[in-house]
$ cat protein_23.txt   # compact mmCIF, C-alpha atoms
# COMPACT_ATOMS: atom_id res chain seq x y z
CA MET A 1 -15.70 147.88 175.11
CA ARG A 2 -13.26 145.18 174.21
CA CYS A 3 -9.75 146.47 173.67
CA PRO A 4 -8.45 146.26 170.14
CA LEU A 5 -5.96 143.45 169.82
CA PRO A 6 -2.37 144.56 169.57
CA ALA A 7 -1.49 145.60 166.04
CA ALA A 8 0.22 142.96 163.95
CA GLY A 9 3.90 143.70 163.75
CA ALA A 10 4.00 146.28 166.55
CA LEU A 11 4.87 143.81 169.28
CA ARG A 12 7.12 141.93 166.88
CA ASP A 13 9.15 145.09 166.35
CA ARG A 14 9.50 145.61 170.09
CA VAL A 15 10.59 142.03 170.65
CA ALA A 16 13.04 142.27 167.75
CA THR A 17 14.55 145.34 169.34
CA GLU A 18 14.95 143.54 172.66
CA LEU A 19 16.60 140.60 170.89
CA GLU A 20 18.91 142.95 169.03
CA VAL A 21 19.97 144.53 172.29
CA VAL A 22 21.09 141.14 173.59
CA GLY A 23 23.07 140.50 170.42
CA ALA A 24 20.79 138.38 168.22
CA ALA A 25 22.16 138.39 164.67
CA HIS A 26 18.76 137.84 163.03
CA ALA A 27 16.41 139.49 165.49
CA ASP A 28 13.65 140.25 162.99
CA VAL A 29 13.53 136.64 161.82
CA ALA A 30 13.42 135.41 165.39
CA ALA A 31 10.69 137.85 166.37
CA ALA A 32 8.56 136.82 163.40
CA ILE A 33 8.71 133.17 164.40
CA LEU A 34 8.14 134.00 168.05
CA GLU A 35 5.05 135.94 167.04
CA VAL A 36 3.56 133.03 165.11
CA ARG A 37 4.27 130.60 167.93
CA GLY A 38 3.07 133.07 170.58
CA ARG A 39 -0.20 133.69 168.83
CA SER A 40 -0.68 129.94 168.47
CA GLY A 41 -0.30 129.55 172.24
CA LEU A 42 1.92 126.48 171.82
CA ASP A 43 5.11 125.81 173.72
CA LEU A 44 8.39 125.22 171.93
CA VAL A 45 8.15 121.45 171.71
CA SER A 46 4.51 121.33 170.62
CA PHE A 47 5.06 124.01 168.02
CA ALA A 48 8.17 122.29 166.63
CA THR A 49 6.24 119.04 166.42
CA ARG A 50 3.31 120.69 164.71
CA ALA A 51 5.60 122.48 162.24
CA GLY A 52 7.64 119.34 161.64
CA VAL A 53 11.00 120.83 162.60
CA GLU A 54 13.65 119.92 165.17
CA VAL A 55 13.18 121.55 168.56
CA ASP A 56 16.80 122.63 168.62
CA LEU A 57 16.50 124.28 165.22
CA LEU A 58 13.38 126.15 166.31
CA HIS A 59 15.17 127.22 169.47
CA ARG A 60 18.11 128.57 167.46
CA ALA A 61 15.80 130.36 165.05
CA GLU A 62 13.95 132.00 167.94
CA ALA A 63 17.26 133.02 169.46
CA GLY A 64 18.09 134.90 166.27
CA GLU A 65 20.91 132.61 165.19
CA LEU A 66 19.51 131.79 161.77
CA ALA A 67 18.81 133.93 158.71
CA ARG A 68 15.60 133.48 156.77
CA HIS A 69 17.29 131.56 153.96
CA GLN A 70 18.70 129.08 156.49
CA LEU A 71 15.26 128.09 157.73
CA PRO A 72 13.33 125.05 156.56
CA GLY A 73 10.25 125.88 154.52
CA ALA A 74 7.78 125.52 157.37
CA LEU A 75 9.55 128.20 159.37
CA ARG A 76 10.62 130.32 156.41
CA ARG A 77 6.98 130.82 155.45
CA MET A 78 6.39 132.45 158.85
CA VAL A 79 8.98 135.15 158.16
CA PRO A 80 7.96 137.93 155.78
CA ALA A 81 10.24 138.15 152.76
CA GLY A 82 12.82 140.84 153.13
CA LEU A 83 13.53 140.16 156.78
CA GLU A 84 17.00 138.85 157.46
CA MET B 1 26.28 123.82 157.77
CA SER B 2 22.81 124.67 156.68
CA PRO B 3 20.08 123.27 158.92
CA ARG B 4 18.38 121.92 155.84
CA SER B 5 21.24 119.49 155.25
CA GLU B 6 20.88 117.94 158.71
CA SER B 7 18.95 114.77 159.52
CA PRO B 8 15.46 114.55 158.04
CA ALA B 9 13.01 116.83 159.82
CA PRO B 10 10.26 115.23 161.87
CA ARG B 11 6.90 114.96 160.19
CA PRO B 12 4.38 117.60 161.19
CA SER B 13 1.87 116.29 163.64
CA ARG B 14 -1.77 117.25 163.81
CA HIS B 15 -2.43 115.27 166.98
CA LEU B 16 -1.31 117.58 169.76
CA PRO B 17 -3.00 118.80 172.91
CA GLU B 18 -4.79 122.13 172.65
CA PRO B 19 -2.63 125.10 173.62
CA ASP B 20 -2.99 126.23 177.23
CA VAL B 21 -3.58 129.96 177.17
CA SER B 22 -4.61 130.28 180.80
CA VAL B 23 -3.02 133.11 182.75
CA GLU B 24 -1.12 130.61 184.89
CA ALA B 25 0.32 128.79 181.89
CA ILE B 26 1.35 131.98 180.12
CA MET B 27 2.97 133.45 183.22
CA ALA B 28 4.82 130.19 183.83
CA ARG B 29 6.16 130.27 180.29
CA LEU B 30 7.19 133.90 180.67
CA ALA B 31 8.90 133.10 183.95
CA ALA B 32 10.79 130.32 182.17
CA GLY B 33 12.06 132.83 179.62
CA ASP B 34 9.75 131.91 176.74
CA THR B 35 9.58 135.19 174.81
CA ALA B 36 6.79 133.89 172.57
CA ALA B 37 4.50 133.95 175.59
CA VAL B 38 4.45 137.76 175.44
CA PHE B 39 2.54 137.41 172.17
CA THR B 40 0.23 134.85 173.77
CA LEU B 41 -0.43 137.23 176.65
CA ALA B 42 -1.18 140.13 174.31
CA GLU B 43 -3.34 137.97 172.07
CA HIS B 44 -5.48 136.33 174.75
CA HIS B 45 -5.43 138.76 177.67
CA GLY B 46 -4.51 142.06 176.04
CA HIS B 47 -8.01 143.42 176.58
CA ARG B 48 -7.65 142.82 180.34
CA VAL B 49 -4.29 144.53 180.43
CA ALA B 50 -5.91 147.37 178.50
CA GLY B 51 -8.42 147.81 181.31
CA VAL B 52 -5.61 148.54 183.74
CA VAL B 53 -3.88 150.80 181.23
CA ARG B 54 -7.09 152.78 180.72
CA ARG B 55 -7.55 153.11 184.47
CA GLN B 56 -4.05 154.53 184.81
CA LEU B 57 -4.58 156.87 181.88
CA THR B 58 -7.73 158.17 183.53
CA ARG B 59 -5.80 158.77 186.74
CA CYS B 60 -3.35 160.84 184.75
CA GLY B 61 -6.18 162.83 183.21
CA ALA B 62 -5.44 161.35 179.78
CA ASP B 63 -8.93 160.14 178.84
CA GLN B 64 -8.74 160.82 175.12
CA VAL B 65 -6.09 158.41 173.95
CA GLY B 66 -6.11 157.12 170.39
CA ARG B 67 -6.43 153.47 169.49
CA ASP B 68 -2.84 153.19 168.31
CA ASP B 69 -1.44 154.75 171.46
CA LEU B 70 -3.59 152.52 173.62
CA GLN B 71 -2.41 149.43 171.73
CA SER B 72 1.15 150.56 172.08
CA LEU B 73 0.77 151.00 175.83
CA VAL B 74 -0.84 147.58 176.15
CA LEU B 75 2.12 146.02 174.37
CA ASP B 76 4.58 147.83 176.62
CA ALA B 77 2.58 146.64 179.63
CA CYS B 78 2.65 143.04 178.36
CA ILE B 79 6.43 143.20 177.95
CA GLU B 80 6.69 144.66 181.44
CA LEU B 81 4.60 141.78 182.79
CA GLY B 82 7.03 139.43 181.07
CA HIS B 83 9.90 141.03 182.96
CA VAL B 84 8.31 140.43 186.35
CA ALA B 85 6.60 137.10 185.63
CA ALA B 86 9.03 135.10 187.74
CA ALA B 87 7.88 136.94 190.86
CA TRP B 88 4.17 136.38 190.25
CA ARG B 89 2.42 133.58 192.13
CA PRO B 90 -0.79 131.90 190.99
CA GLY B 91 -3.70 132.05 193.40
CA GLY B 92 -3.33 135.72 194.20
CA ALA B 93 -4.15 138.78 192.19
CA LEU B 94 -4.19 138.54 188.43
CA PRO B 95 -0.85 139.64 186.95
CA TRP B 96 -2.11 142.96 185.58
CA TRP B 97 -3.51 143.92 188.98
CA TRP B 98 -0.59 142.49 190.88
CA ALA B 99 1.83 144.49 188.71
CA GLU B 100 -0.40 147.54 188.48
CA GLY B 101 2.44 149.68 189.78
CA ARG B 102 4.63 148.59 186.87
CA ILE B 103 1.86 149.34 184.40
CA ARG B 104 1.35 152.70 186.07
CA ALA B 105 5.03 153.46 185.49
CA VAL B 106 4.66 152.56 181.81
CA VAL B 107 1.65 154.87 181.48
CA ASN B 108 3.25 157.66 183.49
CA GLY B 109 6.31 157.47 181.28
CA TRP B 110 4.17 157.76 178.16
CA VAL B 111 2.08 160.62 179.56
CA GLY B 112 5.28 162.36 180.63
CA VAL B 113 6.81 162.07 177.19
CA HIS B 114 3.72 163.64 175.65
CA ALA B 115 3.35 166.39 178.23
CA ASP B 116 4.26 170.00 177.49
CA SER B 117 7.81 171.04 178.19
CA LEU B 118 8.55 172.95 181.33
CA ASP B 119 8.64 176.70 180.91
CA ASP B 120 11.84 178.62 181.01
CA HIS B 121 11.11 179.84 184.52
CA LEU B 122 12.68 176.67 185.82
CA SER B 123 15.83 177.15 183.82
CA TRP B 124 17.68 178.32 186.92
CA VAL B 125 17.67 174.79 188.23
CA GLU B 126 21.17 173.47 187.93
CA ALA B 127 21.44 170.23 186.00
CA ASP B 128 23.21 168.48 188.83
CA GLU B 129 20.48 169.45 191.28
CA ARG B 130 17.66 167.79 189.37
CA PRO B 131 16.00 165.02 191.33
CA LEU B 132 16.60 161.62 189.86
CA ALA B 133 13.68 159.29 189.33
CA ARG B 134 14.07 156.19 191.42
CA SER B 135 14.51 153.08 189.35
CA VAL B 136 13.90 150.68 192.21
CA GLU B 137 11.04 150.96 194.65
CA ASP B 138 11.80 150.82 198.34
CA SER B 139 9.99 148.22 200.36
CA VAL B 140 6.82 149.27 202.13
CA ALA B 141 8.74 149.21 205.44
CA GLU B 142 11.50 151.47 204.11
CA THR B 143 9.06 153.86 202.51
CA PHE B 144 6.96 154.04 205.65
CA ALA B 145 10.01 154.66 207.84
CA ARG B 146 11.09 157.50 205.56
CA LEU B 147 7.61 159.04 205.48
CA VAL B 148 7.31 158.86 209.26
CA ALA B 149 10.22 161.29 209.43
CA GLU B 150 9.06 163.46 206.53
CA VAL B 151 5.27 163.67 206.80
CA PRO B 152 3.70 164.63 210.14
CA LEU B 153 0.46 162.77 209.41
CA VAL B 154 2.36 159.53 208.74
CA GLY B 155 4.28 160.11 211.93
CA LEU B 156 0.92 160.32 213.68
CA VAL B 157 -0.04 156.92 212.23
CA ALA B 158 3.15 155.43 213.66
CA GLU B 159 2.41 157.04 217.04
CA ALA B 160 -1.14 155.68 217.02
CA ALA B 161 0.22 152.22 216.19
CA ARG B 162 2.57 152.38 219.18
CA ALA B 163 -0.30 153.49 221.40
CA ALA B 164 -2.40 150.60 220.09
CA ASN B 165 0.39 148.06 220.65
CA VAL B 166 0.53 147.31 216.95
CA ASP B 167 4.17 146.43 216.36
CA ASP B 168 6.17 147.52 213.31
CA VAL B 169 5.80 144.24 211.45
CA ALA B 170 2.05 144.18 211.97
CA LEU B 171 1.73 147.81 210.91
CA VAL B 172 3.73 147.27 207.72
CA CYS B 173 1.64 144.19 207.02
CA LEU B 174 -1.49 146.28 207.46
CA LEU B 175 -0.14 148.91 205.08
CA ASP B 176 0.84 146.26 202.54
CA TYR B 177 -2.63 144.78 202.75
CA SER B 178 -4.24 148.19 202.18
CA ILE B 179 -1.99 148.82 199.17
CA GLN B 180 -2.98 145.49 197.65
CA GLN B 181 -6.65 146.28 198.22
CA ASP B 182 -6.22 149.70 196.68
CA GLN B 183 -4.65 148.12 193.62
CA GLY B 184 -7.66 145.91 193.11
CA ASP B 185 -6.22 142.68 194.45
CA PRO B 186 -9.26 140.46 195.03
CA SER B 187 -7.45 138.45 197.69
CA PRO B 188 -4.63 140.38 199.37
CA ALA B 189 -4.34 137.73 202.07
CA HIS B 190 -3.31 135.13 199.52
CA THR B 191 -0.93 137.53 197.82
CA LEU B 192 0.83 138.52 201.03
CA ALA B 193 0.68 135.30 203.03
CA GLU B 194 3.82 133.85 201.50
CA ARG B 195 5.72 137.12 201.87
CA TYR B 196 4.98 137.18 205.58
CA GLY B 197 5.43 133.47 206.07
CA VAL B 198 1.92 132.80 207.36
CA THR B 199 -1.28 131.29 206.07
CA PRO B 200 -3.84 133.56 204.43
CA GLU B 201 -6.17 132.95 207.37
CA THR B 202 -3.51 133.98 209.89
CA LEU B 203 -2.75 137.06 207.87
CA ARG B 204 -6.42 138.00 207.75
CA LYS B 205 -6.64 137.69 211.53
CA ARG B 206 -3.51 139.76 211.98
CA ILE B 207 -4.95 142.51 209.77
CA SER B 208 -8.27 142.43 211.53
CA ARG B 209 -6.64 142.60 214.96
CA GLY B 210 -4.30 145.44 214.03
CA ARG B 211 -7.05 147.43 212.38
CA SER B 212 -9.36 146.95 215.34
CA ARG B 213 -6.74 148.10 217.84
CA LEU B 214 -5.86 151.13 215.76
CA LYS B 215 -9.51 152.00 215.37
CA LYS B 216 -10.08 151.96 219.14
CA VAL B 217 -7.09 154.16 219.87
CA VAL B 218 -7.99 156.66 217.15
CA ALA B 219 -11.56 156.85 218.39
CA ALA B 220 -10.55 157.25 222.02
CA ASP B 221 -7.58 159.58 221.86
CA PRO B 222 -8.17 163.14 220.53
CA ARG B 223 -4.51 163.36 219.50
CA PHE B 224 -5.32 160.98 216.67
CA ALA B 225 -8.54 162.65 215.50
CA ALA B 226 -6.92 163.51 212.17
CA LEU B 227 -6.70 159.80 211.39
CA ALA B 228 -10.38 159.05 211.90
CA ASP B 229 -11.18 159.13 208.19
CA PHE B 230 -8.20 157.03 207.15
CA ALA B 231 -9.08 153.86 205.26
CA LEU B 232 -6.44 152.17 207.38
CA VAL B 233 -8.66 152.35 210.46
CA ALA B 234 -12.03 152.27 208.73
$ encode --input "protein_23.txt" --output "structure tokens"
Amino acid sequence: MRCPLPAAGALRDRVATELEVVGAAHADVAAAILEVRGRSGLDLVSFATRAGVEVDLLHRAEAGELARHQLPGALRRMVPAGLE
Amino acid sequence: MSPRSESPAPRPSRHLPEPDVSVEAIMARLAAGDTAAVFTLAEHHGHRVAGVVRRQLTRCGADQVGRDDLQSLVLDACIELGHVAAAWRPGGALPWWWAEGRIRAVVNGWVGVHADSLDDHLSWVEADERPLARSVEDSVAETFARLVAEVPLVGLVAEAARAANVDDVALVCLLDYSIQQDQGDPSPAHTLAERYGVTPETLRKRISRGRSRLKKVVAADPRFAALADFALVA
């Protein structure tokens, strides 16, 4: 039997918690973007290129430095509304 | 300053290489600190990690585990693999077998949390006398040395090794090899070669030689009869 894939959001919550522990200001936003990139299988540079954003900006977003409203549209659409 | 007011963003590109979701690529990204790779691991290899989780659950007698709990354990195991990714080397056992001990700890922790509480009959145990769970595993050599003193049968193994002229390093190597085999490592020689500073072929020969010597001594000396059924000398 093939194992069910991890539930959407469950791993994101765990990662957000880990980011929060290390002091990320916007851990939920970061985890949401990390989830989209992780599921895509792309590395940071390839994903930034594909999304049309600066690598540094993506890096900062994934580090939890940016709130949802500070993100460019391509990244903001990856973060469910209500997460800050 | 808002990022949106910075220099114009690059245009999205559709012409990129396909993502590499091989185990080696994911583990390399995890080792480099790429947190997103945990999601990649769960997405593309979660079902393999689940196999190891299920095996550990079965060992704990927890066969009837719900889908949500299983998923949760798989995620915890994936995060745990991320923590130890830097120590994993390609060419040896797959990460979930290589780190089976870590996954076992995750499962044991979960089973422990969901186990019944101890009865009151243990309430006499003073809080400061409770044994503390070890957070760091001793090396095989340290563990073996401790068990030699504590467990008579292990002491007998050490005595048989001395009688067979299998030195301490070779004996520990043999034990390490057996542990890797027991954990499902398809190629323990490759996994351990680097640790012992030899080639896989040399390590295989060393194991074969040590095992053969031990086997002869155990078969010939009645003092070691209790070890005859040990996998170590089989």
$ atom_distance --input "protein_23.txt" --atom1 "atom CA of A:Gly82" --atom2 "atom CA of A:Ala63"
18.6 Å
$ residues_around --input "protein_23.txt" --residues "B:Val23" --least-positions-apart "3" --cutoff "9 Å" --atoms "all atoms listed in the file" --output "ChimeraX atom specification"
/B:20,26-28,41,44-45,90,94-95
$ residues_around --input "protein_23.txt" --residues "B:Val111" --least-positions-apart "3" --cutoff "12 Å" --atoms "all atoms listed in the file" --output "list in words"
Val53, Gln56, Leu57, Thr58, Arg59, Cys60, Gly61, Ala62, Asp63, Gln64, Val65, Asp69, Leu70, Leu73, Arg104, Ala105, Val106, Val107, Asn108, His114, Ala115, Asp116 and Ser117 of chain B
$ residues_around --input "protein_23.txt" --residues "A:Arg39" --least-positions-apart "3" --cutoff "12 Å" --atoms "only C-alpha atoms" --output "VMD selection string"
(chain A and resid 5 to 6 8 to 9 11 to 12 31 to 36 42 to 43 47) or (chain B and resid 19 to 21 26 35 to 46)
$ residues_near_point --input "protein_23.txt" --point "(-4.1, 157.8, 213.7)" --cutoff "12 Å" --atoms "only C-alpha atoms" --output "ChimeraX atom specification"
/B:152-164,166,171,211,213-234
$ closest_residue --input "protein_23.txt" --among "A:Leu75, A:Leu19, A:Pro80, A:Ala67" --to "A:Val55" --atoms "only C-alpha atoms"
A:Leu75
$ residues_around --input "protein_23.txt" --residues "A:Ala81" --least-positions-apart "4" --cutoff "9 Å" --atoms "only C-alpha atoms" --output "PyMOL selection string"
chain A and resi 68+76-77
$ residues_around --input "protein_23.txt" --residues "A:Glu18" --least-positions-apart "2" --cutoff "12 Å" --atoms "only C-alpha atoms" --output "ChimeraX atom specification"
/A:11-16,20-28,30-31,63-64 /B:35,76,79,83
$ atom_distance --input "protein_23.txt" --atom1 "atom CA of A:Ala48" --atom2 "atom CA of A:Val79"
15.4 Å
$ build_atoms --input "protein_23.txt" --residues "stretch 40-59 of chain A" --atoms "N, CA and C atoms" --output "short mmCIF file (atom, residue, chain, number, x, y, z; two decimals), in the coordinates of the input"
data_model
loop_
_atom_site.label_atom_id
_atom_site.label_comp_id
_atom_site.auth_asym_id
_atom_site.auth_seq_id
_atom_site.Cartn_x
_atom_site.Cartn_y
_atom_site.Cartn_z
N SER A 40 -0.10 131.29 168.48
CA SER A 40 -0.68 129.94 168.47
C SER A 40 -0.91 129.43 169.89
N GLY A 41 -0.16 129.98 170.85
CA GLY A 41 -0.30 129.55 172.24
C GLY A 41 0.46 128.27 172.56
N LEU A 42 1.21 127.76 171.60
CA LEU A 42 1.92 126.48 171.82
C LEU A 42 3.30 126.70 172.42
N ASP A 43 3.74 125.72 173.19
CA ASP A 43 5.11 125.81 173.72
C ASP A 43 6.07 125.36 172.63
N LEU A 44 7.36 125.47 172.94
CA LEU A 44 8.39 125.22 171.93
C LEU A 44 8.28 123.83 171.31
N VAL A 45 8.16 122.83 172.19
CA VAL A 45 8.15 121.45 171.71
C VAL A 45 6.92 121.17 170.86
N SER A 46 5.76 121.59 171.35
CA SER A 46 4.51 121.33 170.62
C SER A 46 4.53 122.03 169.26
N PHE A 47 5.04 123.25 169.27
CA PHE A 47 5.06 124.01 168.02
C PHE A 47 6.03 123.37 167.02
N ALA A 48 7.19 122.94 167.51
CA ALA A 48 8.17 122.29 166.63
C ALA A 48 7.56 121.03 166.04
N THR A 49 6.87 120.28 166.89
CA THR A 49 6.24 119.04 166.42
C THR A 49 5.19 119.35 165.36
N ARG A 50 4.38 120.36 165.66
CA ARG A 50 3.31 120.69 164.71
C ARG A 50 3.88 121.20 163.38
N ALA A 51 5.00 121.94 163.47
CA ALA A 51 5.60 122.48 162.24
C ALA A 51 6.48 121.45 161.54
N GLY A 52 6.81 120.38 162.26
CA GLY A 52 7.64 119.34 161.64
C GLY A 52 9.11 119.73 161.57
N VAL A 53 9.58 120.46 162.58
CA VAL A 53 11.00 120.83 162.60
C VAL A 53 11.62 120.36 163.92
N GLU A 54 12.95 120.31 163.94
CA GLU A 54 13.65 119.92 165.17
C GLU A 54 13.48 121.01 166.22
N VAL A 55 13.33 120.59 167.46
CA VAL A 55 13.18 121.55 168.56
C VAL A 55 14.41 122.46 168.64
N ASP A 56 15.57 121.85 168.50
CA ASP A 56 16.80 122.63 168.62
C ASP A 56 16.89 123.69 167.52
N LEU A 57 16.46 123.32 166.33
CA LEU A 57 16.50 124.28 165.22
C LEU A 57 15.54 125.44 165.49
N LEU A 58 14.36 125.10 165.99
CA LEU A 58 13.38 126.15 166.31
C LEU A 58 13.95 127.06 167.39
N HIS A 59 14.59 126.45 168.37
CA HIS A 59 15.17 127.22 169.47
C HIS A 59 16.22 128.20 168.94
#
